[in-house]
Amino acid sequence: MHGKKTIILGVTGSIAAYKACELSGVLVKSAFDVQVLLTKEAREFITPLTFQTISRNKVVTDMFELPEEWSPRHTSLAEKADLILIAPATANVIGKLACGICDDILTCTVFASKAPVLIAPAMNGKMYRHPVTQANIEKLKKIGYRFVGPVKGPLACGCDDIGHIADIKDIAAEAKKLLRRA
């Protein structure tokens, strides 16, 4: 198969959502087709227009939005994906994935796809260290999901702690590495 590889970039409701804009730009400049999926919570932090401008693709925000042609949105996106990258990934979305909860466009697309999944967590340090979050991460790792970060850095609460999203260059490098294997 020729052409650009497609990365589904899932953006969740974290203050780090603005970093996903830079990530999207880096991936587009690396000649990937970037399809952005924004959760409802992510739209509280950043707009679809920003991502549409950077990715040059329509941003998907609603599972029930009428598609331009007939095709269940989550399955058509899932089939198109060479990689699903969730950056930033909140404790909420990590928990939903670990428990099989598919209640939005992002989680449904992940579960309908055979593509590798790369997750870049970003959350408060206490939330990241919580035993349930750690158990959810381990559960996802056991089924082959990959993680990059988080790192120690400034958090929304004003402290420096683990939970800061990994460096954009590191996330992009890990995505490229996984795509070479695919």
# chains A, B, ... in the order shown; residues from 1 in each chain; ligands from 1
call {"tool": "select_by_dssp", "arguments": {"residues": "range 15-175 of chain A", "states": "strand (DSSP E or B)", "output": "NGL selection string"}}
result
:A and (33-38 or 60 or 83-89 or 117-121 or 146-147 or 151-154 or 160-164)
call {"tool": "residues_around", "arguments": {"residues": "range 169-177 of chain A", "least_positions_apart": "6", "cutoff": "8 Å", "atoms": "only C-alpha atoms", "output": "CSV table (one decimal) with C-alpha atoms, in the first residue's frame"}}
result
chain,number,residue,atom,x,y,z
A,23,LEU,CA,2.4,17.5,18.0
A,26,VAL,CA,5.3,17.9,13.8
A,27,LEU,CA,3.5,14.8,12.5
A,83,LEU,CA,-1.5,4.2,14.5
A,85,LEU,CA,-1.9,8.2,19.3
A,118,LEU,CA,0.4,4.9,21.8
A,120,ALA,CA,1.0,10.0,26.2
A,148,VAL,CA,5.4,7.5,26.4
call {"tool": "residues_around", "arguments": {"residues": "Thr109 in chain A", "least_positions_apart": "4", "cutoff": "8 Å", "atoms": "only C-alpha atoms", "output": "list in words"}}
result
His74, Thr75, Leu77, Ala78, Ile105 and Ser113 of chain A
call {"tool": "write_last_selection", "arguments": {"atoms": "C-alpha atoms", "output": "compact mmCIF listing (two decimals), in the first residue's frame"}}
result
# COMPACT_ATOMS: atom_id res chain seq x y z
CA HIS A 74 -15.72 5.10 14.23
CA THR A 75 -15.24 1.99 12.07
CA LEU A 77 -11.62 5.86 11.07
CA ALA A 78 -10.46 2.63 12.72
CA ILE A 105 -15.71 8.75 19.15
CA SER A 113 -9.13 -0.68 15.19
call {"tool": "residues_around", "arguments": {"residues": "Asn124 in chain A", "least_positions_apart": "2", "cutoff": "7 Å", "atoms": "only C-alpha atoms", "output": "PyMOL selection string"}}
result
chain A and resi 126-128+155+163
call {"tool": "write_last_selection", "arguments": {"atoms": "C-alpha atoms", "output": "PDB file, in the first residue's frame"}}
result
ATOM      1  CA  LYS A 126      -1.512  12.296  42.518  1.00  0.00           C
ATOM      2  CA  MET A 127      -3.917  11.098  39.833  1.00  0.00           C
ATOM      3  CA  TYR A 128      -1.078   9.475  37.887  1.00  0.00           C
ATOM      4  CA  LEU A 155       1.426  20.916  36.330  1.00  0.00           C
ATOM      5  CA  GLY A 163       2.252  13.902  35.202  1.00  0.00           C
TER       6      GLY A 163
END
call {"tool": "atom_distance", "arguments": {"atom1": "CA of Lys80 in chain A", "atom2": "CA of Asn136 in chain A"}}
result
26.6 Å
call {"tool": "atom_distance", "arguments": {"atom1": "CA of Asp33 in chain A", "atom2": "CA of Ala166 in chain A"}}
result
21.8 Å
call {"tool": "atom_distance", "arguments": {"atom1": "CA of Lys4 in chain A", "atom2": "CA of Ser30 in chain A"}}
result
9.9 Å
call {"tool": "closest_residue", "arguments": {"among": "A:Asp160, A:Lys96, A:Lys152, A:Cys108", "to": "Leu140 in chain A", "atoms": "only C-alpha atoms"}}
result
A:Lys96
call {"tool": "residues_around", "arguments": {"residues": "range 51-59 of chain A", "least_positions_apart": "2", "cutoff": "8 Å", "atoms": "only C-alpha atoms", "output": "ChimeraX atom specification"}}
result
/A:21,24-25,28,33-38,47-49,61
call {"tool": "write_last_selection", "arguments": {"atoms": "C-alpha atoms", "output": "PDB file, in the first residue's frame"}}
result
ATOM      1  CA  CYS A  21      -1.406  21.228  18.350  1.00  0.00           C
ATOM      2  CA  SER A  24      -0.041  17.550  15.095  1.00  0.00           C
ATOM      3  CA  GLY A  25       2.162  20.026  13.235  1.00  0.00           C
ATOM      4  CA  VAL A  28       2.121  16.658   9.405  1.00  0.00           C
ATOM      5  CA  ASP A  33      -1.923  12.117   7.407  1.00  0.00           C
ATOM      6  CA  VAL A  34      -3.166  13.276  10.823  1.00  0.00           C
ATOM      7  CA  GLN A  35      -6.837  12.787  11.652  1.00  0.00           C
ATOM      8  CA  VAL A  36      -7.705  14.501  14.937  1.00  0.00           C
ATOM      9  CA  LEU A  37     -10.450  13.252  17.248  1.00  0.00           C
ATOM     10  CA  LEU A  38     -11.388  15.623  20.065  1.00  0.00           C
ATOM     11  CA  THR A  47     -11.103  24.242  19.343  1.00  0.00           C
ATOM     12  CA  PRO A  48     -11.541  21.950  16.348  1.00  0.00           C
ATOM     13  CA  LEU A  49     -10.674  24.836  14.010  1.00  0.00           C
ATOM     14  CA  THR A  61     -15.719  15.621  17.637  1.00  0.00           C
TER      15      THR A  61
END
call {"tool": "select_by_dssp", "arguments": {"residues": "range 2-41 of chain A", "states": "alpha helix (DSSP H)", "output": "PyMOL selection string"}}
result
chain A and resi 17-29
call {"tool": "closest_residue", "arguments": {"among": "A:Ile101, A:Ile143, A:Val93, A:Cys157", "to": "Ile15 in chain A", "atoms": "only C-alpha atoms"}}
result
A:Cys157
call {"tool": "residues_around", "arguments": {"residues": "Asp104 in chain A", "least_positions_apart": "6", "cutoff": "8 Å", "atoms": "only C-alpha atoms", "output": "PyMOL selection string"}}
result
chain A and resi 39+62-63
call {"tool": "write_last_selection", "arguments": {"atoms": "C-alpha atoms", "output": "CSV table (one decimal), in the first residue's frame"}}
result
chain,number,residue,atom,x,y,z
A,39,THR,CA,-13.3,14.4,23.1
A,62,ASP,CA,-19.0,13.8,17.7
A,63,MET,CA,-19.7,10.1,17.0
call {"tool": "residues_around", "arguments": {"residues": "Pro88 in chain A", "least_positions_apart": "2", "cutoff": "7 Å", "atoms": "only C-alpha atoms", "output": "PyMOL selection string"}}
result
chain A and resi 11-12+14+16-17+20+86+90+120-122+165
call {"tool": "write_last_selection", "arguments": {"atoms": "C-alpha atoms", "output": "PDB file, in the first residue's frame"}}
result
ATOM      1  CA  VAL A  11      -6.965  14.600  22.227  1.00  0.00           C
ATOM      2  CA  THR A  12      -8.587  14.427  25.668  1.00  0.00           C
ATOM      3  CA  SER A  14      -6.263  18.103  29.774  1.00  0.00           C
ATOM      4  CA  ALA A  16      -1.884  19.805  27.869  1.00  0.00           C
ATOM      5  CA  ALA A  17      -4.303  19.732  24.900  1.00  0.00           C
ATOM      6  CA  ALA A  20      -1.266  18.347  20.842  1.00  0.00           C
ATOM      7  CA  ILE A  86      -3.716   9.610  22.367  1.00  0.00           C
ATOM      8  CA  THR A  90      -6.252  11.712  30.931  1.00  0.00           C
ATOM      9  CA  ALA A 120       0.964   9.963  26.244  1.00  0.00           C
ATOM     10  CA  PRO A 121      -0.534  10.513  29.720  1.00  0.00           C
ATOM     11  CA  ALA A 122      -0.923  13.993  31.190  1.00  0.00           C
ATOM     12  CA  ILE A 165       3.051  15.313  29.116  1.00  0.00           C
TER      13      ILE A 165
END
